[in-house]
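For reference, the structure is listed below as structure tokens.
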Amino acid sequence: MVTFLPSRPGRLADVPSFTRAIGGAESNVACVLAAAGHRTRWVSRVGTDGFGDHLVETISGYGVDTSAVTRDGSRPTGVYFRTAADRAADGHEVVYYRAGSAASAMSPDTVADARVSGGKVLHLTGITAALSADCLALLRHLLRPRADRPLISFDVNHRPRLWSGAEGPEVLLDLARGADLVFVGEDEAEAAWGISGPAAIRAALPEPAVLVVKQGAAGATAFAREDAGGGGAAPAPVDEVVFVPAPSVEVVAAVGAGDAFAAGYLSAALRGLPLRERLRHGHLTAAAVLTVAEDLGTPPATERADRLVALDDAAWGRLRLGPGWTSAEDEEVRTP
């Protein structure tokens, strides 16, 4: 979608002007991964309008392959407006104009399997599933078991306002159970499924090989299935459980942080880094977005991120990240 960011805090009714930007969970992840040096492809549909041009040109500018994006001459590109307040705050407002959008027409018939094959990871989110029955059918089609299926990453991204009925939570739980790697916020698991705590969330989602529970400013917990080994024909799987606290961040806006976390984690996973380091990279990439007003931020250079990830626990706990930290040359200012 095209995102309109408010020129000042306050109610949408009171904001006099907006700045145009880009937004969208999957495209955010693709842009951040491309900025980190990975080959990425964004698969979607946009209208044959100026907003569609803006999305394709901007996302392509990040280094993302947009050749699989199709243009729809009969449907517009989706847009949305939001306030400056945090999504969890009472003052947060968001208004979507995406019913009947070009993206809502995605389906197994309009998105060829060839467009989403060939990669190591296919990243999906629950937002797409909420757009239309056809979009939901597409996600179910992509999640079906098959021999040539890539590793499927799924971010639950529960957005109640996008669902027309009450079936959203159940649908999202079903989709998550079919993925290999799942990201879910502890707060959204509570809101969607009435489940509290990482262990309880894992109990409700035992199927994915890896489950990452994002716990806001506290940190994140990952559950990674391991073969228990030992005797017996089918030993029960056990989890490696890793919790990594988040660094202290001076938050400018929280929108897009979850997408950035997923991108940072995936980047580290594609590099074959251990679970603890994947979570730390996720936190750092999220911090790059938390410290800017837009849905996308400039991730830290890989070499610098690797140095921060390698800090011992005490030094990691002293990290203080504020606006401009990804480009600041003096790390000691941010890591006293």
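Residue numbering restarts at 1 for every chain of the structure tokens, chains are lettered A, B, ... in their displayed order, and ligands are numbered from 1 as they appear.
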Exercise. Where in segment 31-263 of chain A does DSSP assign alpha helix (DSSP H), given as an MDAnalysis selection string?
Worked result: chainID A and resid 31:35 50:61 126:131 133:143 168:177 186:193 198:204 257:263
Would you kindly return, as a PDB file with N, CA and C atoms, in the first residue's frame, each protein, DNA or RNA residue with an atom no farther than 12 Å from any atom of Gly73 of chain A, considering only C-alpha atoms and excluding same-chain residues fewer than 6 positions away?
```
ATOM      1  N   ARG A  45       0.044  -7.388  -6.530  1.00  0.00           N
ATOM      2  CA  ARG A  45      -0.708  -6.719  -7.591  1.00  0.00           C
ATOM      3  C   ARG A  45      -0.954  -5.282  -7.169  1.00  0.00           C
ATOM      4  N   VAL A  46      -0.781  -4.356  -8.105  1.00  0.00           N
ATOM      5  CA  VAL A  46      -1.082  -2.945  -7.853  1.00  0.00           C
ATOM      6  C   VAL A  46      -1.880  -2.421  -9.035  1.00  0.00           C
ATOM      7  N   GLY A  47      -2.523  -1.281  -8.844  1.00  0.00           N
ATOM      8  CA  GLY A  47      -3.300  -0.691  -9.926  1.00  0.00           C
ATOM      9  C   GLY A  47      -2.412  -0.048 -10.977  1.00  0.00           C
ATOM     10  N   THR A  48      -3.028   0.284 -12.100  1.00  0.00           N
ATOM     11  CA  THR A  48      -2.306   1.000 -13.156  1.00  0.00           C
ATOM     12  C   THR A  48      -2.452   2.500 -12.906  1.00  0.00           C
ATOM     13  N   ASP A  49      -2.185   2.908 -11.684  1.00  0.00           N
ATOM     14  CA  ASP A  49      -2.325   4.301 -11.291  1.00  0.00           C
ATOM     15  C   ASP A  49      -0.983   4.817 -10.774  1.00  0.00           C
ATOM     16  N   GLY A  50      -0.959   6.097 -10.453  1.00  0.00           N
ATOM     17  CA  GLY A  50       0.275   6.703  -9.982  1.00  0.00           C
ATOM     18  C   GLY A  50       0.776   6.106  -8.676  1.00  0.00           C
ATOM     19  N   GLY A  52       0.421   2.994  -7.797  1.00  0.00           N
ATOM     20  CA  GLY A  52       1.063   1.738  -8.168  1.00  0.00           C
ATOM     21  C   GLY A  52       2.457   1.969  -8.724  1.00  0.00           C
ATOM     22  N   SER A 101      -9.194  -3.463  -3.718  1.00  0.00           N
ATOM     23  CA  SER A 101      -7.911  -3.032  -4.281  1.00  0.00           C
ATOM     24  C   SER A 101      -7.338  -4.097  -5.205  1.00  0.00           C
ATOM     25  N   ALA A 102      -6.314  -3.702  -5.942  1.00  0.00           N
ATOM     26  CA  ALA A 102      -5.668  -4.647  -6.850  1.00  0.00           C
ATOM     27  C   ALA A 102      -5.103  -5.839  -6.087  1.00  0.00           C
ATOM     28  N   ALA A 103      -4.518  -5.591  -4.912  1.00  0.00           N
ATOM     29  CA  ALA A 103      -3.934  -6.690  -4.137  1.00  0.00           C
ATOM     30  C   ALA A 103      -4.993  -7.672  -3.658  1.00  0.00           C
ATOM     31  N   ALA A 105      -7.277  -8.865  -5.231  1.00  0.00           N
ATOM     32  CA  ALA A 105      -7.636  -9.787  -6.313  1.00  0.00           C
ATOM     33  C   ALA A 105      -6.618 -10.902  -6.497  1.00  0.00           C
TER      34      ALA A 105
END
```
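Nearest residue to Ala246 of chain A among A:Arg320, A:Arg75, A:His123, A:Arg202 is A:Arg320, counting only C-alpha atoms.
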Exercise. Nearest to Gly258 of chain A: which of A:Leu143, A:Val156, A:Ala114, A:Ala129 is it, counting only C-alpha atoms?
Worked result: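 The answer is A:Val156, which sits nearest to Gly258 of chain A.
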Tell me, as a tab-separated table (two decimals) with C-alpha atoms, in the first residue's frame, which residues lie within 9 Å of segment 217-223 of chain A, counting only C-alpha atoms; anything in the same chain fewer than 5 positions away does not count.
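See part_3.tsv below for the written result:
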```
chain	number	residue	atom	x	y	z
A	185	GLY	CA	3.55	-11.01	19.11
A	198	PRO	CA	5.49	-17.87	25.28
A	199	ALA	CA	5.17	-21.45	26.60
A	202	ARG	CA	4.09	-22.78	21.81
A	209	ALA	CA	9.76	-26.12	13.43
A	210	VAL	CA	10.54	-22.64	14.78
A	211	LEU	CA	8.25	-20.27	16.69
A	212	VAL	CA	9.38	-16.75	17.57
A	239	ASP	CA	12.63	-27.51	21.75
A	240	GLU	CA	15.71	-25.41	22.12
A	241	VAL	CA	14.33	-22.36	23.92
A	242	VAL	CA	16.21	-19.06	23.72
A	243	PHE	CA	15.19	-15.70	25.17
A	244	VAL	CA	17.04	-12.55	24.12
A	245	PRO	CA	16.21	-9.21	25.74
A	246	ALA	CA	15.68	-6.22	23.50
A	247	PRO	CA	18.09	-3.28	23.76
A	248	SER	CA	16.81	0.02	25.10
A	249	VAL	CA	15.38	2.05	22.21
A	275	LEU	CA	19.34	-18.90	17.23
A	276	ARG	CA	20.54	-16.37	19.80
A	279	LEU	CA	17.12	-12.89	17.66
A	283	HIS	CA	16.13	-6.69	17.65
```
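Atom CA of Leu33 of chain A lies 14.9 Å from atom CA of Gly272 of chain A.
Separating atom CA of Tyr96 of chain A from atom CA of Val79 of chain A is a distance of 6.4 Å.
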Exercise. Which polymer residues have any atom within 9 Å of an atom of segment 166-181 of chain A, counting only C-alpha atoms, with same-chain residues fewer than 4 positions away left out, as an NGL selection string?
Worked result: :A and (126 or 129-130 or 136 or 139-140 or 143-145 or 151-160 or 162 or 189 or 191-193 or 204-212)
Convert the current residue selection to file output with N, CA and C atoms, as a compact mmCIF listing (two decimals), in the first residue's frame.
```
# COMPACT_ATOMS: atom_id res chain seq x y z
N GLY A 126 -0.43 -12.80 7.77
CA GLY A 126 -1.87 -12.90 7.94
C GLY A 126 -2.62 -11.72 7.40
N ALA A 129 -4.11 -12.65 4.07
CA ALA A 129 -5.24 -13.56 4.22
C ALA A 129 -6.53 -12.82 4.51
N ALA A 130 -6.43 -11.64 5.13
CA ALA A 130 -7.62 -10.89 5.52
C ALA A 130 -8.21 -10.06 4.39
N LEU A 136 -7.11 -15.42 0.79
CA LEU A 136 -7.01 -16.52 1.74
C LEU A 136 -6.79 -17.84 1.02
N LEU A 139 -3.11 -18.10 0.07
CA LEU A 139 -2.22 -18.51 1.15
C LEU A 139 -2.36 -19.99 1.47
N ARG A 140 -3.59 -20.49 1.47
CA ARG A 140 -3.77 -21.92 1.72
C ARG A 140 -3.12 -22.76 0.62
N LEU A 143 0.65 -22.76 1.23
CA LEU A 143 1.03 -23.49 2.43
C LEU A 143 0.80 -25.00 2.32
N ARG A 144 0.23 -25.45 1.23
CA ARG A 144 -0.07 -26.87 1.12
C ARG A 144 1.24 -27.68 1.10
N PRO A 145 1.26 -28.85 1.72
CA PRO A 145 2.47 -29.67 1.72
C PRO A 145 2.83 -30.12 0.30
N LEU A 151 11.16 -23.18 2.48
CA LEU A 151 10.86 -22.91 3.88
C LEU A 151 9.87 -21.75 3.92
N ILE A 152 8.76 -21.94 4.61
CA ILE A 152 7.73 -20.90 4.66
C ILE A 152 7.75 -20.20 6.00
N SER A 153 7.97 -18.91 5.92
CA SER A 153 7.95 -18.03 7.08
C SER A 153 6.59 -17.33 7.10
N PHE A 154 5.95 -17.31 8.27
CA PHE A 154 4.61 -16.72 8.38
C PHE A 154 4.56 -15.80 9.59
N ASP A 155 4.23 -14.54 9.35
CA ASP A 155 4.03 -13.57 10.42
C ASP A 155 2.53 -13.43 10.64
N VAL A 156 2.06 -13.73 11.83
CA VAL A 156 0.62 -13.75 12.10
C VAL A 156 -0.03 -12.41 11.80
N ASN A 157 0.54 -11.31 12.25
CA ASN A 157 0.04 -9.97 11.93
C ASN A 157 -1.47 -9.87 12.04
N HIS A 158 -1.98 -10.08 13.22
CA HIS A 158 -3.42 -10.01 13.46
C HIS A 158 -3.89 -8.56 13.38
N ARG A 159 -4.74 -8.24 12.40
CA ARG A 159 -5.29 -6.91 12.23
C ARG A 159 -6.82 -7.01 12.21
N PRO A 160 -7.47 -6.92 13.37
CA PRO A 160 -8.92 -7.14 13.45
C PRO A 160 -9.73 -6.28 12.48
N LEU A 162 -9.19 -5.50 9.53
CA LEU A 162 -9.19 -5.98 8.16
C LEU A 162 -10.13 -7.16 7.93
N ALA A 189 -1.22 -12.63 20.31
CA ALA A 189 -1.68 -13.97 20.68
C ALA A 189 -2.74 -13.88 21.78
N ALA A 191 -4.70 -11.22 22.26
CA ALA A 191 -5.89 -10.60 21.68
C ALA A 191 -6.65 -11.55 20.76
N ALA A 192 -5.90 -12.34 19.98
CA ALA A 192 -6.55 -13.21 18.99
C ALA A 192 -7.03 -14.52 19.59
N TRP A 193 -6.20 -15.12 20.44
CA TRP A 193 -6.49 -16.48 20.89
C TRP A 193 -6.69 -16.59 22.40
N ALA A 204 0.06 -24.09 21.87
CA ALA A 204 -1.02 -23.95 20.90
C ALA A 204 -0.52 -24.06 19.47
N LEU A 205 0.80 -23.88 19.28
CA LEU A 205 1.41 -23.94 17.94
C LEU A 205 2.61 -24.89 17.96
N PRO A 206 2.37 -26.18 18.15
CA PRO A 206 3.49 -27.11 18.21
C PRO A 206 4.03 -27.50 16.83
N GLU A 207 3.26 -27.23 15.78
CA GLU A 207 3.63 -27.74 14.45
C GLU A 207 4.84 -27.06 13.81
N PRO A 208 4.98 -25.73 13.83
CA PRO A 208 6.12 -25.10 13.16
C PRO A 208 7.45 -25.54 13.78
N ALA A 209 8.44 -25.73 12.93
CA ALA A 209 9.76 -26.12 13.43
C ALA A 209 10.35 -25.03 14.32
N VAL A 210 10.04 -23.77 13.99
CA VAL A 210 10.54 -22.64 14.78
C VAL A 210 9.38 -21.69 15.05
N LEU A 211 9.24 -21.28 16.29
CA LEU A 211 8.25 -20.27 16.69
C LEU A 211 8.98 -19.15 17.40
N VAL A 212 8.77 -17.92 16.93
CA VAL A 212 9.38 -16.75 17.57
C VAL A 212 8.25 -15.91 18.17
```
